[in-house]
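Participant: What follows is entry08.cif, mmCIF, C-alpha atoms.
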```cif
data_start
#
loop_
_atom_site.label_atom_id
_atom_site.label_comp_id
_atom_site.auth_asym_id
_atom_site.auth_seq_id
_atom_site.Cartn_x
_atom_site.Cartn_y
_atom_site.Cartn_z
CA MET A 1 -12.32 2.58 -12.27
CA MET A 2 -10.23 0.53 -9.84
CA ILE A 3 -6.87 -0.98 -10.78
CA GLU A 4 -5.54 -4.10 -9.05
CA MET A 5 -2.21 -3.48 -7.34
CA LYS A 6 0.49 -5.39 -5.49
CA ILE A 7 3.04 -4.26 -2.92
CA ILE A 8 6.54 -4.57 -4.34
CA ASN A 9 8.62 -2.87 -1.68
CA VAL A 10 8.78 -0.95 1.58
CA GLN A 11 11.82 1.24 2.03
CA GLU A 12 13.10 4.45 3.56
CA VAL A 13 13.73 7.56 1.49
CA LEU A 14 17.05 9.20 2.19
CA PRO A 15 18.11 11.61 3.64
CA THR A 16 14.95 11.91 5.75
CA ASN A 17 14.49 8.14 6.35
CA VAL A 18 10.75 8.52 5.73
CA PRO A 19 9.20 5.10 4.96
CA VAL A 20 7.44 4.60 1.64
CA VAL A 21 5.43 1.64 0.37
CA ILE A 22 5.60 1.09 -3.38
CA LEU A 23 2.67 -0.49 -5.18
CA GLN A 24 2.71 -1.72 -8.78
CA GLU A 25 -0.17 -2.42 -11.13
CA GLU A 26 -0.82 -6.16 -11.45
CA SER A 27 -1.28 -5.78 -15.20
CA GLY A 28 0.83 -2.75 -15.95
CA ASN A 29 3.97 -0.81 -15.35
CA ARG A 30 2.91 2.11 -13.16
CA LEU A 31 4.24 2.40 -9.62
CA LEU A 32 2.45 4.19 -6.81
CA PRO A 33 4.60 5.44 -3.90
CA ILE A 34 2.79 6.21 -0.65
CA PHE A 35 4.68 7.68 2.28
CA ILE A 36 3.69 5.96 5.52
CA GLY A 37 4.56 5.92 9.20
CA ARG A 38 7.35 3.82 10.66
CA PRO A 39 5.04 1.45 12.64
CA GLU A 40 2.99 0.67 9.52
CA ALA A 41 6.18 0.22 7.45
CA THR A 42 7.43 -2.26 10.04
CA ALA A 43 4.09 -4.08 10.08
CA ILE A 44 3.95 -4.33 6.28
CA GLY A 45 7.62 -5.26 5.94
CA LEU A 46 7.45 -8.03 8.55
CA SER A 47 4.38 -9.54 6.93
CA LEU A 48 5.91 -9.37 3.43
CA ALA A 49 9.00 -11.14 4.78
CA ASN A 50 6.82 -13.79 6.44
CA GLN A 51 8.26 -12.90 9.83
CA ASP A 52 6.14 -13.12 12.95
CA PRO A 53 6.84 -10.56 15.65
CA PRO A 54 7.32 -11.96 19.17
CA ARG A 55 3.98 -10.38 20.17
CA PRO A 56 1.05 -9.59 17.84
CA MET A 57 1.11 -6.10 16.37
CA THR A 58 -2.05 -3.98 16.14
CA HIS A 59 -2.74 -5.12 12.57
CA ASP A 60 -2.35 -8.77 13.58
CA LEU A 61 -4.84 -8.19 16.40
CA LEU A 62 -7.32 -6.55 14.02
CA ALA A 63 -7.03 -9.39 11.48
CA THR A 64 -7.60 -11.97 14.24
CA ILE A 65 -10.63 -10.16 15.66
CA VAL A 66 -12.15 -9.73 12.20
CA GLU A 67 -11.82 -13.47 11.58
CA LEU A 68 -13.16 -14.44 15.02
CA LEU A 69 -16.25 -12.29 14.44
CA GLY A 70 -16.97 -14.16 11.22
CA PHE A 71 -15.85 -11.45 8.80
CA LYS A 72 -13.40 -11.57 5.93
CA VAL A 73 -11.33 -8.68 4.61
CA GLU A 74 -12.44 -8.76 1.01
CA ARG A 75 -10.39 -5.93 -0.49
CA ILE A 76 -8.88 -2.56 0.15
CA GLU A 77 -9.17 0.42 -2.13
CA ILE A 78 -6.95 3.48 -2.27
CA THR A 79 -9.75 5.84 -3.20
CA GLU A 80 -8.51 9.39 -3.23
CA LEU A 81 -5.56 11.76 -3.12
CA ARG A 82 -6.61 15.11 -1.69
CA GLU A 83 -4.29 17.87 -0.54
CA LYS A 84 -1.31 15.47 -0.64
CA THR A 85 -3.12 12.95 1.58
CA PHE A 86 -4.16 9.47 0.43
CA PHE A 87 -7.47 7.93 1.55
CA ALA A 88 -8.52 4.27 1.57
CA ASP A 89 -11.44 1.98 2.35
CA ILE A 90 -11.41 -1.55 3.74
CA TYR A 91 -14.22 -3.85 2.57
CA PHE A 92 -15.30 -6.45 5.14
CA ARG A 93 -17.67 -9.28 4.19
CA GLY A 94 -19.74 -10.61 7.05
CA PRO A 95 -23.05 -12.26 7.89
CA ASN A 96 -25.03 -9.20 6.77
CA GLY A 97 -23.09 -8.50 3.58
CA VAL A 98 -20.32 -6.02 2.90
CA GLU A 99 -19.33 -3.25 5.29
CA VAL A 100 -16.95 -0.47 4.22
CA VAL A 101 -14.69 1.27 6.72
CA SER A 102 -12.59 4.34 5.95
CA SER A 103 -8.90 3.88 6.69
CA ARG A 104 -5.45 5.31 6.24
CA PRO A 105 -3.83 3.50 3.29
CA SER A 106 -0.94 2.37 5.48
CA ASP A 107 -3.29 0.59 7.91
CA ALA A 108 -5.37 -0.85 5.08
CA LEU A 109 -2.24 -2.22 3.38
CA ALA A 110 -0.95 -3.69 6.67
CA VAL A 111 -4.29 -5.48 7.10
CA ALA A 112 -4.33 -6.60 3.44
CA VAL A 113 -0.92 -8.29 3.64
CA ARG A 114 -2.06 -10.20 6.74
CA THR A 115 -5.37 -11.35 5.30
CA GLY A 116 -4.55 -11.84 1.62
CA ALA A 117 -7.05 -9.16 0.63
CA THR A 118 -6.86 -7.77 -2.88
CA ILE A 119 -5.46 -4.25 -3.20
CA TYR A 120 -6.91 -1.68 -5.61
CA ALA A 121 -6.16 1.93 -6.46
CA ASP A 122 -8.52 4.36 -8.13
CA GLU A 123 -7.55 5.36 -11.68
CA GLY A 124 -7.69 9.03 -10.65
CA VAL A 125 -5.19 8.40 -7.86
CA MET A 126 -2.93 6.61 -10.32
CA ASP A 127 -3.19 9.54 -12.75
CA GLN A 128 -2.21 11.96 -9.98
CA ALA A 129 0.57 10.11 -8.19
CA SER A 130 1.92 7.12 -10.11
CA TYR A 131 5.34 6.74 -11.67
CA LEU A 132 5.76 5.01 -15.02
CA ALA A 133 8.22 2.10 -15.09
CA GLU A 134 10.02 1.47 -18.37
CA GLU A 135 9.23 -2.22 -18.93
CA GLU A 136 5.72 -3.61 -19.17
CA ASP A 137 5.73 -6.88 -17.29
CA THR A 138 8.29 -6.95 -14.50
CA LEU A 139 10.77 -4.58 -12.97
CA SER A 140 14.46 -5.37 -13.14
CA GLU A 141 16.77 -4.73 -10.20
CA THR A 142 18.19 -1.80 -12.18
CA GLN A 143 14.74 -0.24 -12.54
CA ILE A 144 14.03 -0.69 -8.85
CA ASP A 145 17.40 0.93 -8.04
CA ASP A 146 16.61 3.79 -10.46
CA PHE A 147 13.25 4.28 -8.76
CA ARG A 148 14.93 4.30 -5.35
CA ASP A 149 17.24 7.03 -6.66
CA PHE A 150 14.18 8.94 -7.87
CA LEU A 151 12.57 8.62 -4.43
CA ASP A 152 15.75 9.81 -2.78
CA SER A 153 15.57 13.00 -4.83
CA VAL A 154 11.98 13.97 -4.02
CA ASN A 155 10.44 15.58 -0.98
CA PRO A 156 7.92 13.42 0.94
CA ASP A 157 5.52 16.38 0.91
CA ASP A 158 5.30 15.93 -2.87
CA PHE A 159 3.30 12.73 -2.31
CA ALA A 160 2.10 12.78 1.33
#
```
Using the file provided, produce a representation of the structure as C-alpha coordinates.
Facilitator:
Amino acid sequence: MMIEMKIINVQEVLPTNVPVVILQEESGNRLLPIFIGRPEATAIGLSLANQDPPRPMTHDLLATIVELLGFKVERIEITELREKTFFADIYFRGPNGVEVVSSRPSDALAVAVRTGATIYADEGVMDQASYLAEEEDTLSETQIDDFRDFLDSVNPDDFA
(Lines of atoms letter the chains of each structure in order from A and count residues from 1; the text may use other names and numbers.)
(Lines give C-alpha, C1' and ligand atoms only; values in the text may rest on other atoms or scores of the structure.)
Protein backbone atom coordinates (compact mmCIF):
# COMPACT_ATOMS: atom_id res chain seq x y z
CA MET A 1 0.00 0.00 0.00
CA MET A 2 1.28 3.48 -0.86
CA ILE A 3 0.98 6.43 1.51
CA GLU A 4 0.84 10.01 0.22
CA MET A 5 3.69 12.13 1.57
CA LYS A 6 4.87 15.73 1.54
CA ILE A 7 8.32 17.23 1.98
CA ILE A 8 8.46 19.27 5.17
CA ASN A 9 12.14 20.09 5.42
CA VAL A 10 15.65 19.70 4.06
CA GLN A 11 18.44 20.15 6.57
CA GLU A 12 21.91 19.06 7.53
CA VAL A 13 22.55 16.63 10.37
CA LEU A 14 25.29 17.72 12.73
CA PRO A 15 28.16 17.05 13.31
CA THR A 16 28.63 15.41 9.90
CA ASN A 17 26.63 18.03 7.91
CA VAL A 18 25.00 15.23 5.91
CA PRO A 19 21.82 16.51 4.20
CA VAL A 20 18.51 14.84 5.00
CA VAL A 21 15.08 15.37 3.46
CA ILE A 22 12.17 14.84 5.84
CA LEU A 23 8.84 13.64 4.48
CA GLN A 24 5.58 13.56 6.44
CA GLU A 25 2.41 11.60 5.79
CA GLU A 26 -0.30 13.82 4.27
CA SER A 27 -2.90 12.22 6.54
CA GLY A 28 -0.81 11.14 9.49
CA ASN A 29 1.96 11.88 11.88
CA ARG A 30 4.85 9.70 10.74
CA LEU A 31 8.03 11.31 9.43
CA LEU A 32 10.41 9.66 6.99
CA PRO A 33 14.03 10.91 6.98
CA ILE A 34 16.10 10.11 3.89
CA PHE A 35 19.76 11.04 3.77
CA ILE A 36 20.64 12.56 0.39
CA GLY A 37 23.55 14.16 -1.43
CA ARG A 38 24.37 17.85 -1.21
CA PRO A 39 23.48 18.66 -4.87
CA GLU A 40 20.04 17.06 -4.48
CA ALA A 41 19.52 18.83 -1.14
CA THR A 42 20.33 22.14 -2.82
CA ALA A 43 18.01 21.36 -5.72
CA ILE A 44 15.12 20.40 -3.43
CA GLY A 45 15.71 23.30 -1.04
CA LEU A 46 15.84 25.92 -3.80
CA SER A 47 12.63 24.63 -5.33
CA LEU A 48 10.83 24.50 -1.96
CA ALA A 49 11.90 28.10 -1.35
CA ASN A 50 10.66 29.12 -4.82
CA GLN A 51 14.13 30.32 -5.74
CA ASP A 52 15.40 30.00 -9.29
CA PRO A 53 19.10 29.33 -9.70
CA PRO A 54 20.93 31.62 -12.15
CA ARG A 55 21.32 28.65 -14.53
CA PRO A 56 19.03 25.58 -14.72
CA MET A 57 20.11 22.68 -12.54
CA THR A 58 20.02 19.09 -13.80
CA HIS A 59 16.56 18.49 -12.33
CA ASP A 60 15.24 21.67 -13.97
CA LEU A 61 16.63 20.46 -17.30
CA LEU A 62 14.99 17.04 -16.86
CA ALA A 63 11.61 18.58 -15.98
CA THR A 64 11.79 20.86 -19.05
CA ILE A 65 12.74 18.02 -21.41
CA VAL A 66 9.97 15.79 -20.03
CA GLU A 67 7.42 18.55 -20.68
CA LEU A 68 8.76 19.36 -24.16
CA LEU A 69 8.47 15.68 -25.14
CA GLY A 70 4.81 15.69 -24.17
CA PHE A 71 5.15 13.77 -20.91
CA LYS A 72 3.97 14.61 -17.42
CA VAL A 73 5.55 13.46 -14.17
CA GLU A 74 2.54 11.81 -12.60
CA ARG A 75 3.95 10.65 -9.27
CA ILE A 76 7.00 9.33 -7.52
CA GLU A 77 7.06 6.36 -5.21
CA ILE A 78 9.63 5.50 -2.58
CA THR A 79 9.33 1.77 -3.06
CA GLU A 80 11.90 -0.03 -0.99
CA LEU A 81 14.51 0.14 1.74
CA ARG A 82 17.13 -2.55 1.24
CA GLU A 83 20.48 -2.78 3.00
CA LYS A 84 20.10 0.81 4.26
CA THR A 85 19.47 2.12 0.73
CA PHE A 86 16.18 3.66 -0.40
CA PHE A 87 14.80 3.00 -3.90
CA ALA A 88 12.22 5.00 -5.87
CA ASP A 89 10.30 5.03 -9.14
CA ILE A 90 9.18 7.99 -11.23
CA TYR A 91 5.91 7.56 -13.15
CA PHE A 92 5.76 9.48 -16.44
CA ARG A 93 2.50 9.77 -18.40
CA GLY A 94 2.94 10.22 -22.12
CA PRO A 95 1.29 9.56 -25.47
CA ASN A 96 1.58 5.78 -25.04
CA GLY A 97 0.48 5.62 -21.41
CA VAL A 98 2.53 5.38 -18.24
CA GLU A 99 6.26 4.66 -18.18
CA VAL A 100 8.06 3.85 -14.93
CA VAL A 101 11.72 4.71 -14.43
CA SER A 102 13.82 3.59 -11.46
CA SER A 103 15.46 6.46 -9.60
CA ARG A 104 17.31 7.47 -6.49
CA PRO A 105 14.75 8.99 -4.08
CA SER A 106 16.71 12.24 -3.94
CA ASP A 107 16.48 12.73 -7.72
CA ALA A 108 12.83 11.67 -7.77
CA LEU A 109 12.00 14.17 -5.01
CA ALA A 110 13.92 16.95 -6.78
CA VAL A 111 11.89 16.27 -9.94
CA ALA A 112 8.63 16.04 -7.96
CA VAL A 113 9.04 19.47 -6.35
CA ARG A 114 9.66 21.00 -9.80
CA THR A 115 6.69 19.34 -11.50
CA GLY A 116 4.12 19.20 -8.71
CA ALA A 117 4.07 15.40 -8.84
CA THR A 118 2.50 13.54 -5.95
CA ILE A 119 4.92 11.79 -3.60
CA TYR A 120 4.20 8.34 -2.13
CA ALA A 121 6.05 5.96 0.16
CA ASP A 122 5.43 2.25 0.48
CA GLU A 123 3.89 1.16 3.79
CA GLY A 124 6.76 -1.31 4.28
CA VAL A 125 9.29 1.50 3.94
CA MET A 126 7.35 3.54 6.47
CA ASP A 127 7.29 0.58 8.86
CA GLN A 128 11.06 0.21 8.55
CA ALA A 129 12.27 3.80 8.64
CA SER A 130 9.63 6.28 9.79
CA TYR A 131 9.60 8.29 12.98
CA LEU A 132 6.36 8.88 14.87
CA ALA A 133 5.50 12.52 15.59
CA GLU A 134 3.48 13.22 18.73
CA GLU A 135 0.58 15.23 17.30
CA GLU A 136 -1.74 13.96 14.61
CA ASP A 137 -2.37 16.86 12.28
CA THR A 138 0.52 19.29 12.17
CA LEU A 139 3.96 19.56 13.66
CA SER A 140 4.77 22.42 16.00
CA GLU A 141 8.10 24.22 15.86
CA THR A 142 8.99 22.45 19.12
CA GLN A 143 8.37 19.04 17.55
CA ILE A 144 10.43 19.94 14.51
CA ASP A 145 13.25 21.12 16.81
CA ASP A 146 12.96 17.88 18.83
CA PHE A 147 13.17 15.87 15.61
CA ARG A 148 16.23 17.85 14.53
CA ASP A 149 17.82 16.97 17.88
CA PHE A 150 16.95 13.32 17.25
CA LEU A 151 18.57 13.49 13.81
CA ASP A 152 21.66 15.09 15.29
CA SER A 153 22.05 12.09 17.59
CA VAL A 154 21.84 9.35 14.96
CA ASN A 155 24.37 8.05 12.49
CA PRO A 156 23.48 8.56 8.79
CA ASP A 157 24.32 4.90 8.20
CA ASP A 158 21.30 4.03 10.35
CA PHE A 159 19.02 5.25 7.54
CA ALA A 160 21.16 5.46 4.38
Participant: So what do you get for atom CA of A:Asp127 versus atom CA of A:Tyr91, distance-wise?
Facilitator: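 Interatomic distance here is 23.1 Å.
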Participant: Which residue out of A:Ala121, A:Ile8, A:Ile76, A:Val13 has the minimum interatomic distance to A:Val101 when all atoms listed in the file are used?
Facilitator: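 When distances to A:Val101 are compared using all atoms listed in the file, the smallest one comes from A:Ile76.
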Participant: Pick the closest to A:Ala117 from A:Leu46, A:Lys6, A:Arg55, A:Arg75: which is it, counting only C-alpha atoms?
Facilitator: A:Arg75
Participant: So which residues get picked by the PyMOL selection byres ((chain A and resi 37) around 12) here, written as a PyMOL selection string?
Facilitator: chain A and resi 10-12+17-21+34-36+38-44+104-107+110+156+160
Participant: Applied to this file, what does the PyMOL selection byres ((chain A and resi 112) around 9) return in terms of residues, put as a list of chain:residue names?
Facilitator: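 Here the PyMOL selection byres ((chain A and resi 112) around 9) matches A:Ala63, A:Val73, A:Glu74, A:Arg75, A:Ile76, A:Ile90, A:Asp107, A:Ala108, A:Leu109, A:Ala110, A:Val111, A:Val113, A:Arg114, A:Thr115, A:Gly116, A:Ala117, A:Thr118, A:Ile119.
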Participant: So that I have them on file, write out the residues from the current selection with C-alpha atoms, as a PDB file, in the coordinates of the input.
Facilitator:
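Full text of part_30.pdb as output:
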```pdb
ATOM      1  CA  ALA A  63      -7.030  -9.390  11.480  1.00  0.00           C
ATOM      2  CA  VAL A  73     -11.330  -8.680   4.610  1.00  0.00           C
ATOM      3  CA  GLU A  74     -12.440  -8.760   1.010  1.00  0.00           C
ATOM      4  CA  ARG A  75     -10.390  -5.930  -0.490  1.00  0.00           C
ATOM      5  CA  ILE A  76      -8.880  -2.560   0.150  1.00  0.00           C
ATOM      6  CA  ILE A  90     -11.410  -1.550   3.740  1.00  0.00           C
ATOM      7  CA  ASP A 107      -3.290   0.590   7.910  1.00  0.00           C
ATOM      8  CA  ALA A 108      -5.370  -0.850   5.080  1.00  0.00           C
ATOM      9  CA  LEU A 109      -2.240  -2.220   3.380  1.00  0.00           C
ATOM     10  CA  ALA A 110      -0.950  -3.690   6.670  1.00  0.00           C
ATOM     11  CA  VAL A 111      -4.290  -5.480   7.100  1.00  0.00           C
ATOM     12  CA  VAL A 113      -0.920  -8.290   3.640  1.00  0.00           C
ATOM     13  CA  ARG A 114      -2.060 -10.200   6.740  1.00  0.00           C
ATOM     14  CA  THR A 115      -5.370 -11.350   5.300  1.00  0.00           C
ATOM     15  CA  GLY A 116      -4.550 -11.840   1.620  1.00  0.00           C
ATOM     16  CA  ALA A 117      -7.050  -9.160   0.630  1.00  0.00           C
ATOM     17  CA  THR A 118      -6.860  -7.770  -2.880  1.00  0.00           C
ATOM     18  CA  ILE A 119      -5.460  -4.250  -3.200  1.00  0.00           C
TER      19      ILE A 119
END
```
Participant: Would you mind telling me which residue in A:Thr64, A:Gln128, A:Asn96, A:Thr58 lies nearest to A:Lys84 when using all atoms listed in the file?
Facilitator: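 Closest to A:Lys84 of all the choices is A:Gln128.
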Participant: Applied to the shown file, which residues does the PyMOL selection byres ((chain A and resi 72) around 8) return, written as a list of chain:residue names?
Facilitator: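 Applied to this file, the PyMOL selection byres ((chain A and resi 72) around 8) selects A:Val66, A:Glu67, A:Gly70, A:Phe71, A:Val73, A:Glu74, A:Phe92, A:Arg93, A:Gly94.
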Participant: Given all atoms listed in the file as the basis, pick out the residue of A:Thr79, A:His59, A:Tyr120, A:Pro15 nearest to A:Ser27.
Facilitator: A:Tyr120
Participant: Quick check, in Å to one decimal: how far apart do atom CA of A:Leu62 and atom CA of A:Leu32 lie?
Facilitator: 25.4 Å
Participant: Please indicate the distance in Å from atom CA of A:Leu132 to atom CA of A:Ser103, rounded to one decimal place.
Facilitator: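 Between atom CA of A:Leu132 and atom CA of A:Ser103 the gap is 26.2 Å.
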Participant: Which residue is closest to A:Asp122? Choose from A:Glu83, A:Glu25, A:Glu77, A:Asp52 and count only C-alpha atoms.
Facilitator: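 Closest residue, counting only C-alpha atoms: A:Glu77.
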Participant: Out of A:Ser47, A:Asp60, A:Glu4, A:Leu14, which residue has the shortest atom-to-atom distance to A:Glu123 when counting all atoms listed in the file?
Facilitator: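 Using all atoms listed in the file, A:Glu123 sits closest to A:Glu4.
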